[in-house]
Amino acid sequence: MADRHALQALPRRRLPAAITQEVLGIDRAQLIVRARHPLSRRQHVELEALGGFGWVLPPHETSMRRQLEATFREAGLDAPVATVESMSFLTNRALVLASDLITVWPQHLAEVEARTGLVRILPLELAQTERPLGVWWRTEPGLSPPAQLVVGALRTVTANAANDRH
């Protein structure tokens, strides 16, 4: 049978003993706007400043949406209301680039996209959105040699990315 393994945000619930999980890094959400957005040049942005803008958000049932809403609630604010709900990165990116909408992306994706110069990460910490990233696989029979190479490469890439941030 083929290897069963995944690279993803790790579940917060406890996994069965038959599953091995390895945390490779921590990710959090970042708020994204187009490069010429009215908020894009600010050195610091408060959650309160975001109320007058529309949003492109993932659906309510996603963990990122729930975490973003928790961040606003923790600050005593109403959660943003989606102008558009979408899980499509390409759709969300196109909408942000063509408007003053705000969206939320995982930090690693946001950093890659911000390097294009087309979008900016708003300077705002979203602590409630922190989540572990990693891999998991069936403990028995364990990883095949090719899967071990993939996991090793992921360890190297995530370690290098963490070093680049510091």
# chains A, B, ... in the order shown; residues from 1 in each chain; ligands from 1
>>> residues_around(residues="Pro38 of chain A", least_positions_apart="6", cutoff="12 Å", atoms="only C-alpha atoms", output="PyMOL selection string")
chain A and resi 45+49-50+52-53+99-102+120+122
>>> select_by_dssp(residues="segment 107-165 of chain A", states="helix (DSSP H, G or I)", output="VMD selection string")
chain A and resid 107 to 114 127 to 129 145 to 165
>>> residues_around(residues="Val104 of chain A", least_positions_apart="6", cutoff="6 Å", atoms="only C-alpha atoms", output="list in words")
Gln30, Leu31 and Ile32 of chain A
>>> closest_atom_pairs(of="segment 87-114 of chain A", to="segment 55-66 of chain A", cutoff="10 Å", atoms="only C-alpha atoms", output="tab-separated table")
residue	atom	partner	partner_atom	distance
A:Met87	CA	A:Pro58	CA	5.3
A:Ser88	CA	A:Pro58	CA	8.5
A:Phe89	CA	A:Pro58	CA	9.7
A:Thr91	CA	A:Val56	CA	9.4
A:Asn92	CA	A:Val56	CA	6.3
A:Arg93	CA	A:Val56	CA	9.2
A:Leu95	CA	A:Val56	CA	7.7
A:Val96	CA	A:Val56	CA	7.7
A:Asp100	CA	A:Trp55	CA	8.6
A:Leu101	CA	A:Trp55	CA	5.0
A:Ile102	CA	A:Trp55	CA	4.8
A:Thr103	CA	A:Val56	CA	4.9
A:Val104	CA	A:Leu57	CA	6.7
A:Trp105	CA	A:Met64	CA	8.4
A:Pro106	CA	A:Met64	CA	8.4
>>> residues_around(residues="Gly117 of chain A", least_positions_apart="4", cutoff="10 Å", atoms="only C-alpha atoms", output="PyMOL selection string")
chain A and resi 34-35+112-113
>>> select_by_dssp(residues="segment 20-76 of chain A", states="strand (DSSP E)", output="compact mmCIF listing (two decimals) with N, CA and C atoms, in the first residue's frame")
# COMPACT_ATOMS: atom_id res chain seq x y z
N THR A 20 1.93 9.03 13.94
CA THR A 20 3.08 9.80 14.40
C THR A 20 2.96 11.20 13.81
N GLN A 21 3.21 12.18 14.64
CA GLN A 21 3.10 13.58 14.22
C GLN A 21 4.39 14.30 14.55
N GLU A 22 4.87 15.13 13.63
CA GLU A 22 6.07 15.92 13.88
C GLU A 22 5.78 17.38 13.53
N VAL A 23 5.96 18.24 14.51
CA VAL A 23 5.79 19.68 14.29
C VAL A 23 7.06 20.21 13.63
N LEU A 24 6.90 20.88 12.50
CA LEU A 24 8.04 21.44 11.77
C LEU A 24 8.16 22.94 11.96
N GLY A 25 7.10 23.57 12.38
CA GLY A 25 7.14 25.01 12.56
C GLY A 25 5.80 25.53 13.04
N ILE A 26 5.74 26.82 13.25
CA ILE A 26 4.52 27.48 13.69
C ILE A 26 4.14 28.51 12.63
N ASP A 27 2.87 28.57 12.33
CA ASP A 27 2.37 29.54 11.37
C ASP A 27 1.28 30.35 12.05
N ALA A 29 -1.83 33.58 10.93
CA ALA A 29 -2.47 34.31 9.84
C ALA A 29 -1.92 35.73 9.75
N GLN A 30 -1.93 36.24 8.54
CA GLN A 30 -1.54 37.63 8.27
C GLN A 30 -2.66 38.28 7.47
N LEU A 31 -2.88 39.56 7.72
CA LEU A 31 -3.86 40.30 6.94
C LEU A 31 -3.17 40.91 5.74
N ILE A 32 -3.80 40.77 4.58
CA ILE A 32 -3.21 41.14 3.30
C ILE A 32 -4.06 42.18 2.60
N VAL A 33 -3.38 43.16 2.01
CA VAL A 33 -4.03 44.17 1.17
C VAL A 33 -3.18 44.38 -0.08
N ARG A 34 -3.78 45.02 -1.07
CA ARG A 34 -3.00 45.34 -2.28
C ARG A 34 -1.95 46.40 -1.94
N TRP A 55 -14.10 42.64 3.16
CA TRP A 55 -13.23 41.50 3.42
C TRP A 55 -13.50 40.35 2.45
N VAL A 56 -12.44 39.65 2.09
CA VAL A 56 -12.53 38.35 1.41
C VAL A 56 -12.08 37.34 2.45
N LEU A 57 -12.99 36.48 2.89
CA LEU A 57 -12.70 35.56 3.98
C LEU A 57 -13.02 34.12 3.62
>>> residues_around(residues="Asp78 of chain A", least_positions_apart="4", cutoff="8 Å", atoms="only C-alpha atoms", output="PyMOL selection string")
chain A and resi 69+72-73
>>> closest_residue(among="A:Ile19, A:Leu97, A:Arg115, A:Leu68", to="Val135 of chain A", atoms="only C-alpha atoms")
A:Ile19
>>> atom_distance(atom1="atom CA of Thr83 of chain A", atom2="atom CA of Leu47 of chain A")
17.4 Å
>>> closest_residue(among="A:Gln107, A:Ala98, A:Thr139, A:Gln43", to="Ala127 of chain A", atoms="only C-alpha atoms")
A:Gln107
